[in-house]
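Encoded as structure tokens, the structure appears first; notes follow it.
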Number of protein chains: 2
Amino acid sequence: MNSNLKKGLLVILVGAIIWFLPVPAGLKPQAWQLFAIFVATILGFILQPLPIGSIAFIAVTLSALSGVLKPAEALSGFSNITIWLIVSAFLFAKGFIKTGLGRRIAYMIIKAIGDSTLKLGYAIVISDLIMAPAMPSSAARAGGVLFPVVRSLNSALGSEPGPTARKVGAYLLQTEYHGNAITCAMFMTAMAGNPLIALLAAKTLNIEITWGQWALAAIVPGLISLLVVPYFIYKFDPPELTELPESKEMARQELVKLGPLSSAEKIIAGVFCGALLLWSTSQFTKIDATVVAMLGVSVMIITKVLEWKDILEEKGAWDTMIWMGSLVALADYLSKLGFIPWFAKVVGASIVGIPWLPAFGILLLVYVYAHYAFASLTAHITAMYAAFIAVAVAAGAPPYLVALALAFMSNLCMSLTHYGGSPAPIFFGAGYVDQGTWWKVGFMVSVVNLIIWIGLGSIWWKFLGLW
Amino acid sequence: MNSNLKKGLLVILVGAIIWFLPVPAGLKPQAWQLFAIFVATILGFILQPLPIGSIAFIAVTLSALSGVLKPAEALSGFSNITIWLIVSAFLFAKGFIKTGLGRRIAYMIIKAIGDSTLKLGYAIVISDLIMAPAMPSSAARAGGVLFPVVRSLNSALGSEPGPTARKVGAYLLQTEYHGNAITCAMFMTAMAGNPLIALLAAKTLNIEITWGQWALAAIVPGLISLLVVPYFIYKFDPPELTELPESKEMARQELVKLGPLSSAEKIIAGVFCGALLLWSTSQFTKIDATVVAMLGVSVMIITKVLEWKDILEEKGAWDTMIWMGSLVALADYLSKLGFIPWFAKVVGASIVGIPWLPAFGILLLVYVYAHYAFASLTAHITAMYAAFIAVAVAAGAPPYLVALALAFMSNLCMSLTHYGGSPAPIFFGAGYVDQGTWWKVGFMVSVVNLIIWIGLGSIWWKFLGLW
């Protein structure tokens, strides 16, 4: 029996056992059955006997076929406005990559400041930061745009996998990988799972986190983290070369190859600035973040920067729409049918008397280091975020502190492993860093980030009046 | 100024003029503004300054940006169950094509009966009929499966574009093209726009047309039409060769090449039979047609007949989801905001006194021959179906008669031109038939179909008690 079949049977078995367990008092059978489907789906996302899109599609089908949800309810996630923010943002990213604007930005920054290995590291991370607000796919930003830049710089600087790996390559790849985790945490639209976090926080704790609030809460710890982490890696796992007098010239040559700024790049830059402006002012304009993103895509379509076929070929968007849309529907009805309130009440009753600070601290550490078991940030969020914030708040922790701390750590935990986020296999797979080093650096970076984001961050959020 | 730009400006201009016209009495401004967006969208679908998916995306964005609809309302079409029936059925079709089962069915029928040109015509049309209930894309069925079969038969029989075109090729291509239009009309799931028809009939006239009712209403006129039309073309535009003793042997050789029935083909056949069974018995089992289709896709996914990447690559499904989902949302809120009831009342008041039979007759003919102006069946349906059935019923015509007659003619009108349906450019483009002949045959076939479907059909529907 092959391994995927075994995994698939395990998923079905677990779902079936929960389904047929006696329904706890105070809960509708329907809510319990949906919970069984939900758990099986999450387990399927973790074990992946089939691609997660397939599992999600089957889960939605079963929820409707079994009569637990009406067909229209089971499909409701596909018109969720959060889902369409994500779909639209994937199409934004496509514009960045297609026009070459992302690479141009990276080379411009390298040309300006990249004359040492450390500065080159900062140059790359800054490029990532600039693109982050409008590229919700860390795979697209780190893997699609910056990896090719870093990889070609490495080769040009004579650093290849093997004996020369540690000249500059190992450092630059790790710095961008960990830097990317930080930029992911900084904007609601910088990682595909972040809008889901905002949605789950709204549904579970009844608190609203807008695009602007997210960015404001993240800006101080984010910038400190971006300043500290590249330097920390530079000291903890130092590159062999430190001065790189030739790298500015190399970037200049690449910019010559790219030629003058094309009109398509100008349009993307304009759309990008416009979207940032509208996103950051949405509390005044009342224009929904999804509508802003769709407007941006519409402009790209009208100006033909994006062709319709580019959109249909953006499989990441459709994949995400299906699996995340399915999950949003299941999670939504889990709440509507009364499961989440029931769960919060039960857990809340059982932890009466424990002070919230140690309770929250333990929950936070468990949440972060549980990521050793996940190959996807969004799978981790889906499986654990709602339950953990519900429990922490039930223990008496302030809702915004809980929601934000877990939101940011949901991104930063990507640092831990060489499979923990979608760019990981690309950066690790380049072959510059052995697994032991990757994990050691990753663990240390996670500690640095916990100190900066939770230690300093919580003071900043207090200052902002968020808790 | 290029032609697409002109068309685009015209679309915007028409939308803007309607938007700024005084709002008719008895109508909310919001309903009128949505009507302006709707008209501009339909005009965009007809003129196509951009692909229709792009136009639909922009229309949804504008409806939300302008505040006419809330973002969640504007996106609501993407979770519509009819839309997901269509998406799922596209994935069904993918299974047929990917496994080669469609071609095998065609060659088996040719091997059994195809020893004359006329019988070969029937064999191909019967193959189309067998696949029709589970292949909602006429492009996939006629273009993807049967066109390659017909085209290779033509070559094998020595009939190529040019002097030998009329040996058998011109006949077989026209027969399958017109036969395909008939099979499209026969099942709710045989053409992408048909579920939309059922939805529009439900929303406009408040009558339900189930999968089984559609098939039952269509079976008698459909079979007569499939019997008559190939023979009619055979007489009206006869092939030069009539006896084809070698074609059975050729089909046998193709079947040898295809090898024994693969397990994937068996699964598709099983899924297909199961879906037919569940679709035709849904009034007893209460299992929704969409859920049946999704169950079929789930089985294909679990058995790996369809890989997840096949699904993500099925661009037809995503294209249709976006443009049709957008339109469904707009049409739905046009009705919810009161535009459609207002429109029906106004038209109803203006045609008091005209007997329904001539009114309906004229509406029907206008509807059918308006298709000379359309390059897509679904665009035609979207633009005209709801309005025409509303007006006909307002004139006093029986709702089911109106809904069915226009439903079937929505498919059959594809015959008229060499651009009237998605397989048209493929079949005409093969170069066997000149445009004059294509239009002449098309017009005559449309008359034959009107007589069979409306003349005989209305008697059958009376017999069924539908009006």
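Order determines the names: the first chain of the structure tokens is A, the second B, and so forth; residues in each chain are numbered 1 upward, and ligands are numbered 1 upward as they are shown.
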Exercise. Excluding same-chain residues fewer than 2 positions from stretch 410-414 of chain A, what lies within 6 Å of it counting only C-alpha atoms, as a list of chain:residue names?
Worked result: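 With the cut-off at 6 Å, the set is A:Ala181, A:Ala185, A:Val368, A:Leu406, A:Ala407, A:Phe408, A:Leu416, A:Gly420, A:Gly421.
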Selection above as a file: N, CA and C atoms, as a compact mmCIF listing (two decimals), in the first residue's frame:
# COMPACT_ATOMS: atom_id res chain seq x y z
N ALA A 181 10.57 36.42 5.43
CA ALA A 181 9.63 36.07 6.50
C ALA A 181 9.19 37.34 7.25
N ALA A 185 5.38 39.36 7.38
CA ALA A 185 4.64 39.70 8.60
C ALA A 185 4.19 41.15 8.61
N VAL A 368 4.32 28.90 17.76
CA VAL A 368 5.47 29.16 16.90
C VAL A 368 6.20 27.86 16.56
N LEU A 406 0.07 36.61 17.45
CA LEU A 406 -0.02 35.35 16.70
C LEU A 406 -0.03 35.60 15.19
N ALA A 407 -0.57 36.74 14.79
CA ALA A 407 -0.57 37.07 13.36
C ALA A 407 0.87 37.18 12.85
N PHE A 408 1.68 37.95 13.57
CA PHE A 408 3.05 38.18 13.10
C PHE A 408 3.87 36.90 13.19
N LEU A 416 12.00 28.76 10.64
CA LEU A 416 12.52 27.59 11.35
C LEU A 416 13.14 26.50 10.49
N GLY A 420 9.41 25.26 5.59
CA GLY A 420 8.36 25.91 6.37
C GLY A 420 7.55 26.95 5.63
N GLY A 421 7.95 27.33 4.44
CA GLY A 421 7.18 28.31 3.66
C GLY A 421 7.45 28.05 2.19
For this session: Determine, counting only C-alpha atoms, which protein, DNA and RNA residues have an atom within 12 Å of an atom of B:Thr303; residues of the same chain fewer than 4 positions away are not included. Present the result as a VMD selection string.
Result: (chain A and resid 5 8 49 to 50 54) or (chain B and resid 95 263 to 268 270 to 271 296 to 299 307 to 308)
For this session: Please report as number ranges by chain which residues of chain A come no farther than 8 Å from chain B, using only C-alpha atoms.
Result: A: 50-51, 53-54, 57-58, 61-62, 64-65, 71-72, 75-81, 287-288, 290-291, 294-295, 298, 301-302, 308, 312-313, 315, 318-319
Which residues of stretch 30-93 of chain B come within 12 Å of stretch 132-155 of chain B, and what is each one's closest atom pair and distance in Å (one decimal), counting only C-alpha atoms, sorted by chain and residue number, as CSV?
residue,atom,partner,partner_atom,distance
B:Ile83,CA,B:Pro136,CA,11.9
B:Leu85,CA,B:Pro136,CA,9.5
B:Ile86,CA,B:Pro136,CA,7.1
B:Val87,CA,B:Pro136,CA,9.3
B:Ser88,CA,B:Pro136,CA,9.5
B:Ala89,CA,B:Pro136,CA,6.0
B:Phe90,CA,B:Pro136,CA,6.5
B:Leu91,CA,B:Met135,CA,8.8
B:Phe92,CA,B:Met135,CA,6.6
B:Ala93,CA,B:Met135,CA,5.0
Keeping only all heavy atoms, write those residues as a PDB file, in the first residue's frame.
ATOM      1  N   ILE B  83     -23.051  28.344 -11.368  1.00  0.00           N
ATOM      2  CA  ILE B  83     -21.688  28.553 -11.858  1.00  0.00           C
ATOM      3  C   ILE B  83     -20.821  27.339 -11.560  1.00  0.00           C
ATOM      4  O   ILE B  83     -20.040  26.886 -12.401  1.00  0.00           O
ATOM      5  CB  ILE B  83     -21.083  29.817 -11.196  1.00  0.00           C
ATOM      6  CG1 ILE B  83     -21.890  31.055 -11.574  1.00  0.00           C
ATOM      7  CG2 ILE B  83     -19.616  29.985 -11.560  1.00  0.00           C
ATOM      8  CD1 ILE B  83     -21.952  31.362 -13.034  1.00  0.00           C
ATOM      9  N   LEU B  85     -21.865  24.290 -11.149  1.00  0.00           N
ATOM     10  CA  LEU B  85     -22.271  23.177 -12.012  1.00  0.00           C
ATOM     11  C   LEU B  85     -21.503  23.264 -13.321  1.00  0.00           C
ATOM     12  O   LEU B  85     -20.981  22.276 -13.837  1.00  0.00           O
ATOM     13  CB  LEU B  85     -23.783  23.250 -12.268  1.00  0.00           C
ATOM     14  CG  LEU B  85     -24.351  22.263 -13.289  1.00  0.00           C
ATOM     15  CD1 LEU B  85     -24.005  20.826 -12.923  1.00  0.00           C
ATOM     16  CD2 LEU B  85     -25.875  22.395 -13.381  1.00  0.00           C
ATOM     17  N   ILE B  86     -21.376  24.469 -13.831  1.00  0.00           N
ATOM     18  CA  ILE B  86     -20.676  24.664 -15.099  1.00  0.00           C
ATOM     19  C   ILE B  86     -19.179  24.360 -14.939  1.00  0.00           C
ATOM     20  O   ILE B  86     -18.584  23.646 -15.751  1.00  0.00           O
ATOM     21  CB  ILE B  86     -20.901  26.099 -15.606  1.00  0.00           C
ATOM     22  CG1 ILE B  86     -22.402  26.305 -15.890  1.00  0.00           C
ATOM     23  CG2 ILE B  86     -20.073  26.368 -16.850  1.00  0.00           C
ATOM     24  CD1 ILE B  86     -22.794  27.745 -16.111  1.00  0.00           C
ATOM     25  N   VAL B  87     -18.583  24.890 -13.868  1.00  0.00           N
ATOM     26  CA  VAL B  87     -17.157  24.616 -13.626  1.00  0.00           C
ATOM     27  C   VAL B  87     -16.917  23.108 -13.536  1.00  0.00           C
ATOM     28  O   VAL B  87     -16.014  22.567 -14.173  1.00  0.00           O
ATOM     29  CB  VAL B  87     -16.678  25.310 -12.331  1.00  0.00           C
ATOM     30  CG1 VAL B  87     -15.311  24.813 -11.908  1.00  0.00           C
ATOM     31  CG2 VAL B  87     -16.646  26.823 -12.516  1.00  0.00           C
ATOM     32  N   SER B  88     -17.766  22.436 -12.763  1.00  0.00           N
ATOM     33  CA  SER B  88     -17.587  20.986 -12.585  1.00  0.00           C
ATOM     34  C   SER B  88     -17.758  20.246 -13.900  1.00  0.00           C
ATOM     35  O   SER B  88     -17.039  19.283 -14.181  1.00  0.00           O
ATOM     36  CB  SER B  88     -18.597  20.454 -11.567  1.00  0.00           C
ATOM     37  OG  SER B  88     -18.463  21.118 -10.343  1.00  0.00           O
ATOM     38  N   ALA B  89     -18.711  20.707 -14.696  1.00  0.00           N
ATOM     39  CA  ALA B  89     -18.966  20.008 -15.950  1.00  0.00           C
ATOM     40  C   ALA B  89     -17.811  20.215 -16.926  1.00  0.00           C
ATOM     41  O   ALA B  89     -17.471  19.317 -17.707  1.00  0.00           O
ATOM     42  CB  ALA B  89     -20.285  20.482 -16.539  1.00  0.00           C
ATOM     43  N   PHE B  90     -17.161  21.369 -16.876  1.00  0.00           N
ATOM     44  CA  PHE B  90     -15.953  21.565 -17.677  1.00  0.00           C
ATOM     45  C   PHE B  90     -14.889  20.532 -17.291  1.00  0.00           C
ATOM     46  O   PHE B  90     -14.165  20.010 -18.140  1.00  0.00           O
ATOM     47  CB  PHE B  90     -15.376  22.968 -17.456  1.00  0.00           C
ATOM     48  CG  PHE B  90     -15.814  23.972 -18.482  1.00  0.00           C
ATOM     49  CD1 PHE B  90     -16.799  24.892 -18.182  1.00  0.00           C
ATOM     50  CD2 PHE B  90     -15.233  23.988 -19.739  1.00  0.00           C
ATOM     51  CE1 PHE B  90     -17.211  25.816 -19.122  1.00  0.00           C
ATOM     52  CE2 PHE B  90     -15.635  24.911 -20.678  1.00  0.00           C
ATOM     53  CZ  PHE B  90     -16.630  25.833 -20.376  1.00  0.00           C
ATOM     54  N   LEU B  91     -14.818  20.239 -16.008  1.00  0.00           N
ATOM     55  CA  LEU B  91     -13.820  19.283 -15.531  1.00  0.00           C
ATOM     56  C   LEU B  91     -14.190  17.860 -15.952  1.00  0.00           C
ATOM     57  O   LEU B  91     -13.315  17.055 -16.271  1.00  0.00           O
ATOM     58  CB  LEU B  91     -13.661  19.414 -14.014  1.00  0.00           C
ATOM     59  CG  LEU B  91     -13.269  20.828 -13.555  1.00  0.00           C
ATOM     60  CD1 LEU B  91     -13.227  20.922 -12.043  1.00  0.00           C
ATOM     61  CD2 LEU B  91     -11.933  21.261 -14.156  1.00  0.00           C
ATOM     62  N   PHE B  92     -15.495  17.575 -15.995  1.00  0.00           N
ATOM     63  CA  PHE B  92     -15.968  16.311 -16.580  1.00  0.00           C
ATOM     64  C   PHE B  92     -15.431  16.153 -17.998  1.00  0.00           C
ATOM     65  O   PHE B  92     -14.887  15.123 -18.366  1.00  0.00           O
ATOM     66  CB  PHE B  92     -17.496  16.344 -16.693  1.00  0.00           C
ATOM     67  CG  PHE B  92     -18.218  15.579 -15.650  1.00  0.00           C
ATOM     68  CD1 PHE B  92     -18.096  15.940 -14.323  1.00  0.00           C
ATOM     69  CD2 PHE B  92     -19.019  14.503 -15.973  1.00  0.00           C
ATOM     70  CE1 PHE B  92     -18.772  15.254 -13.347  1.00  0.00           C
ATOM     71  CE2 PHE B  92     -19.694  13.800 -15.003  1.00  0.00           C
ATOM     72  CZ  PHE B  92     -19.578  14.169 -13.684  1.00  0.00           C
ATOM     73  N   ALA B  93     -15.636  17.211 -18.776  1.00  0.00           N
ATOM     74  CA  ALA B  93     -15.241  17.161 -20.186  1.00  0.00           C
ATOM     75  C   ALA B  93     -13.750  16.884 -20.302  1.00  0.00           C
ATOM     76  O   ALA B  93     -13.301  16.119 -21.160  1.00  0.00           O
ATOM     77  CB  ALA B  93     -15.599  18.479 -20.862  1.00  0.00           C
TER      78      ALA B  93
END
Problem set entry | Selected residue of minimal separation from A:Trp453 among A:Leu241, A:Val220, A:Leu261, A:Leu10, counting only C-alpha atoms | A:Val220
Problem set entry | DSSP helix (DSSP H, G or I) residues within stretch 202-430 of chain A, listed as an MDAnalysis selection string | chainID A and resid 202:205 211:236 247:258 263:280 282:285 289:302 308:313 315:336 339:350 356:373 377:394 399:416 424:429
Exercise. Given the choices A:Phe232, A:Phe360, A:Gly429, A:Ala379, which gets closest to A:Gly396 if the distance is worked out from only C-alpha atoms?
Worked result: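 Smallest separation from A:Gly396 among the options: A:Phe360.
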Exercise. Between atom CA of B:Val402 and atom CA of B:Pro221, what is the distance, to one decimal in Å?
Worked result: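 Spanning atom CA of B:Val402 to atom CA of B:Pro221 is a straight-line distance of 15.7 Å.
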For A:Ser458: contacts at 9 Å, only C-alpha atoms, fewer than 5 positions along chain excluded, given as a compact mmCIF listing (two decimals) with N, CA, C and O atoms, in the first residue's frame:
# COMPACT_ATOMS: atom_id res chain seq x y z
N LEU A 401 -3.65 42.20 21.49
CA LEU A 401 -2.30 41.69 21.72
C LEU A 401 -2.19 40.27 21.19
O LEU A 401 -1.24 39.91 20.47
N ALA A 405 0.06 39.37 17.96
CA ALA A 405 1.25 38.56 18.25
C ALA A 405 1.21 37.26 17.45
O ALA A 405 2.20 36.89 16.80
N TRP A 453 9.67 41.19 18.13
CA TRP A 453 8.26 41.37 17.80
C TRP A 453 7.35 41.31 19.02
O TRP A 453 6.42 42.09 19.14
N PHE A 463 1.60 51.40 23.21
CA PHE A 463 1.71 52.82 22.89
C PHE A 463 0.62 53.25 21.90
O PHE A 463 0.05 54.34 21.98
N TRP A 467 -3.98 47.64 23.16
CA TRP A 467 -4.41 46.77 24.27
C TRP A 467 -4.23 47.46 25.59
O TRP A 467 -3.58 48.48 25.67
Problem set entry | Using only C-alpha atoms: which of B:Val391, B:Ala269, B:Ile454, B:Leu120 has the shortest distance to B:Leu173 |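 For B:Leu173, the nearest of the candidates is B:Leu120.
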Exercise. Which value, in Å to one decimal, gives the distance between atom CA of A:Gly26 and atom CA of A:Phe388?
Worked result: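 Rounded to one decimal, the two atoms are 21.5 Å apart.
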Exercise. So how far away is atom CA of B:Leu205 from atom CA of B:Leu27, in Å?
Worked result: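 Atom CA of B:Leu205 lies 19.9 Å from atom CA of B:Leu27.
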For this session: Can you pull out every residue within 12 Å of stretch 384-386 of chain A, counting only C-alpha atoms, but drop anything in the same chain fewer than 4 positions away, and send it as a count of residues only?
Result: 55
